[in-house]
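A.B. asks: Just dropping this structure here.
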Amino acid sequence: MSSPGRPPHRSSAVPLAWAWWALIVYASLFPFTGWRWPPGMQPAQLWLLPWPRYFIPFDITSNLLAYGPMGWLICVACLRHGLGLMAAAAWALALGSGLSYAMEVTQHLLPTRVPSSLDWLLNTLGALGGALAGVVCQRTGLLARWQAARERWLDRGNGGALALLVLWPVALLFPTPLPLAVGQVSDWLRRDLAAWLADVPWASGWHAWLATASPSSRPLSLQAEVLVIMLGLLGPCLLAYAAARPGWRRMGLAVGAALAGVLASTLSTVLNFGPDHALAWRTPGFATALVMAGILALAGVWLPARRAAALALLTLVLLVVLVQQAPTDPYFAQSLQGWEQGRFVRFHGLAQWVGWWWPFAAIVWLAGRLIRR
């Protein structure tokens, strides 16, 4: 039990398991179009999964590995909530296998997807492997050592912040309008709202305005660019401060955030344009923004966590507002075509969603942190 006056332990495995669940659903049901009942199929046949006629090594490997992390996360989350080893492993296996079966059955309704009993078997084995890995981590004391290290760096009850910090590099894998500038959703919202209102008589004026509006094509000034990049790095740093005790360890969190941002941006460029252009994402104002964010992060290492949360909230709100003014990435179409022709198109779409909504999820968490006693 928690000590009096201390917030309860909240495992980051729970939100990370939900995030992995969303990844699997997205990858299993992409492209979410063309839904129809299979011609000639009886309702009872929907629950039957055929054995595949051909085997693709990449699909076999990806199906086997995809459910491993989710099985591990579910097992760890169950252990953190007091379940025994066997019960936690059983829950991880049951939920992983159940999700896989549900996805395979649903793929009957998508003409571009092929349900398979082999995929279900491989996914179940992957979930089992993840569950067993969680049991091993518990029995060998790795989870206890991780928990002890985490409590040296972060306050209790901040599993949501840790999950957000883990997802932040994923948000940077999709090309951003400026380095570290996540959350540019205005153009996507405008296009989707225009499509939704196309056949609504009373909204014809709104539809015409949304259909003719176009995203900004004017580049930001160098000062505005530096400000956006600085906010893009300072936001995760202050988010980490809001979950950590004041002190020198916060410097390690800030350095870790900077390294994660640089590595994720470099990986994104490598995936899109090849290793020869690994550092092409850097802009003229990036170095200045990095130094400014580092100075401000250093100045805040002794801030109380609640004040750091308030500053993080303000920082991310300003980032979201300013990034909507930036023109879209000029290489977006080229990178999108490369992703669509590759094997990782489903994960490209997921990274895009994480990049769109990460700052808003962080804002919600920070607001809850501030209103919570």
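Letters A, B, ... go to the chains of the structure tokens in the order shown; residues in each chain start at 1; ligands are counted from 1 in the same order.
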With only C-alpha atoms as the counted atoms, please give the residues lying no more than 8 Å from range 86-88 of chain A, apart from itself and same-chain residues fewer than 2 positions off, as a PDB file with C-alpha atoms, in the first residue's frame.
C.D. replies:
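The file below, out-v3.pdb, is the result:
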```pdb
ATOM      1  CA  ILE A  74      -0.134  -6.083 -20.136  1.00  0.00           C
ATOM      2  CA  CYS A  75       1.721  -8.565 -17.959  1.00  0.00           C
ATOM      3  CA  VAL A  76       3.722  -5.793 -16.275  1.00  0.00           C
ATOM      4  CA  CYS A  78      -1.188  -6.603 -14.133  1.00  0.00           C
ATOM      5  CA  LEU A  79       1.798  -7.286 -11.885  1.00  0.00           C
ATOM      6  CA  LEU A  83      -1.903  -9.826  -9.658  1.00  0.00           C
ATOM      7  CA  GLY A  84       0.207 -12.940  -9.286  1.00  0.00           C
ATOM      8  CA  ALA A  90      -2.854 -15.466 -18.371  1.00  0.00           C
ATOM      9  CA  TRP A  91      -4.423 -12.022 -18.776  1.00  0.00           C
ATOM     10  CA  ALA A  92      -1.675 -10.946 -21.189  1.00  0.00           C
ATOM     11  CA  ALA A 131       3.929 -12.460 -21.130  1.00  0.00           C
TER      12      ALA A 131
END
```
A.B. asks: Could you give me, as a PyMOL selection string, each residue of range 213-270 of chain A that DSSP assigns to alpha helix (DSSP H) when run on this structure's backbone?
C.D. replies: chain A and resi 222-243+249-270
A.B. asks: Determine the nearest neighbour of Trp356 in chain A from the options A:Gln324, A:Ser221, A:Gln184, A:Asn272, counting only C-alpha atoms.
C.D. replies: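 Smallest distance to Trp356 in chain A is found for A:Gln184.
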A.B. asks: Between A:Leu267, A:Leu122, A:Leu110, A:Leu366, which residue has the minimum interatomic distance to Leu311 in chain A, considering only C-alpha atoms?
C.D. replies: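 With only C-alpha atoms as the atom set, the closest residue is A:Leu366.
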A.B. asks: Which neighbours of range 155-164 of chain A fall inside 9 Å, counting only C-alpha atoms, when residues of the same chain fewer than 3 positions from it are skipped, and could you give them as a list of chain:residue names?
C.D. replies: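 In the requested format, the answer is A:Arg6, A:Pro7, A:Pro8, A:His9, A:Arg10, A:Ser11, A:Ser12, A:Ala13, A:Val14, A:Pro15, A:Leu16, A:Ala19, A:Arg150, A:Glu151, A:Arg152, A:Leu167, A:Trp168, A:Pro236, A:Leu239, A:Ala240, A:Ala242, A:Ala243, A:Ala244, A:Arg245, A:Trp358, A:Ala361, A:Ala362, A:Trp365, A:Leu366.
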A.B. asks: One decimal, Å: what's the distance from CA of Thr283 in chain A over to CA of Ala326 in chain A, could you say?
C.D. replies: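 Separation of CA of Thr283 in chain A and CA of Ala326 in chain A: 13.6 Å.
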A.B. asks: Where does range 227-341 of chain A meet range 169-179 of chain A within 10 Å, residue by residue, with the nearest atom pair and distance in Å to one decimal for each, counting only C-alpha atoms, listed by chain and rising number, as a tab-separated table?
C.D. replies:
```
residue	atom	partner	partner_atom	distance
A:Val228	CA	A:Leu178	CA	7.8
A:Ile229	CA	A:Pro179	CA	6.0
A:Met230	CA	A:Pro179	CA	9.4
A:Gly232	CA	A:Pro179	CA	7.8
A:Leu233	CA	A:Pro179	CA	9.2
A:Ala257	CA	A:Pro169	CA	8.8
A:Leu259	CA	A:Pro169	CA	9.8
A:Ala260	CA	A:Pro169	CA	6.1
A:Gly261	CA	A:Pro169	CA	6.1
A:Val262	CA	A:Pro179	CA	8.8
A:Leu263	CA	A:Pro169	CA	8.2
A:Ala264	CA	A:Pro169	CA	5.4
A:Ser265	CA	A:Leu172	CA	5.9
A:Thr266	CA	A:Leu173	CA	8.7
A:Leu267	CA	A:Leu173	CA	7.0
A:Ser268	CA	A:Leu173	CA	4.6
A:Thr269	CA	A:Pro175	CA	7.8
A:Val270	CA	A:Leu173	CA	10.0
A:Leu271	CA	A:Leu173	CA	8.7
A:Asn272	CA	A:Pro175	CA	8.5
A:Trp281	CA	A:Pro179	CA	6.7
A:Arg282	CA	A:Pro179	CA	6.9
A:Thr283	CA	A:Pro179	CA	7.6
A:Gly285	CA	A:Pro179	CA	9.7
A:Phe286	CA	A:Pro179	CA	7.5
A:Val323	CA	A:Pro177	CA	7.8
A:Gln324	CA	A:Pro177	CA	9.4
A:Gln325	CA	A:Pro177	CA	9.9
A:Ala326	CA	A:Pro177	CA	6.5
A:Pro327	CA	A:Pro177	CA	6.5
A:Thr328	CA	A:Pro177	CA	5.1
A:Asp329	CA	A:Pro177	CA	4.5
A:Pro330	CA	A:Pro177	CA	8.2
A:Tyr331	CA	A:Pro175	CA	8.3
A:Phe332	CA	A:Pro175	CA	6.8
A:Ser335	CA	A:Pro175	CA	8.0
A:Leu336	CA	A:Pro175	CA	9.2
```
A.B. asks: What is the distance between CA of Thr124 in chain A and CA of Gly98 in chain A, in Å to one decimal?
C.D. replies: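 Pair CA of Thr124 in chain A / CA of Gly98 in chain A returns 8.5 Å.
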A.B. asks: From the list A:Leu296, A:Val182, A:Val317, A:Ile24, which residue is nearest Leu234 in chain A when using only C-alpha atoms?
C.D. replies: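 Going through A:Leu296, A:Val182, A:Val317, A:Ile24 one by one, the smallest distance to Leu234 in chain A is for A:Leu296.
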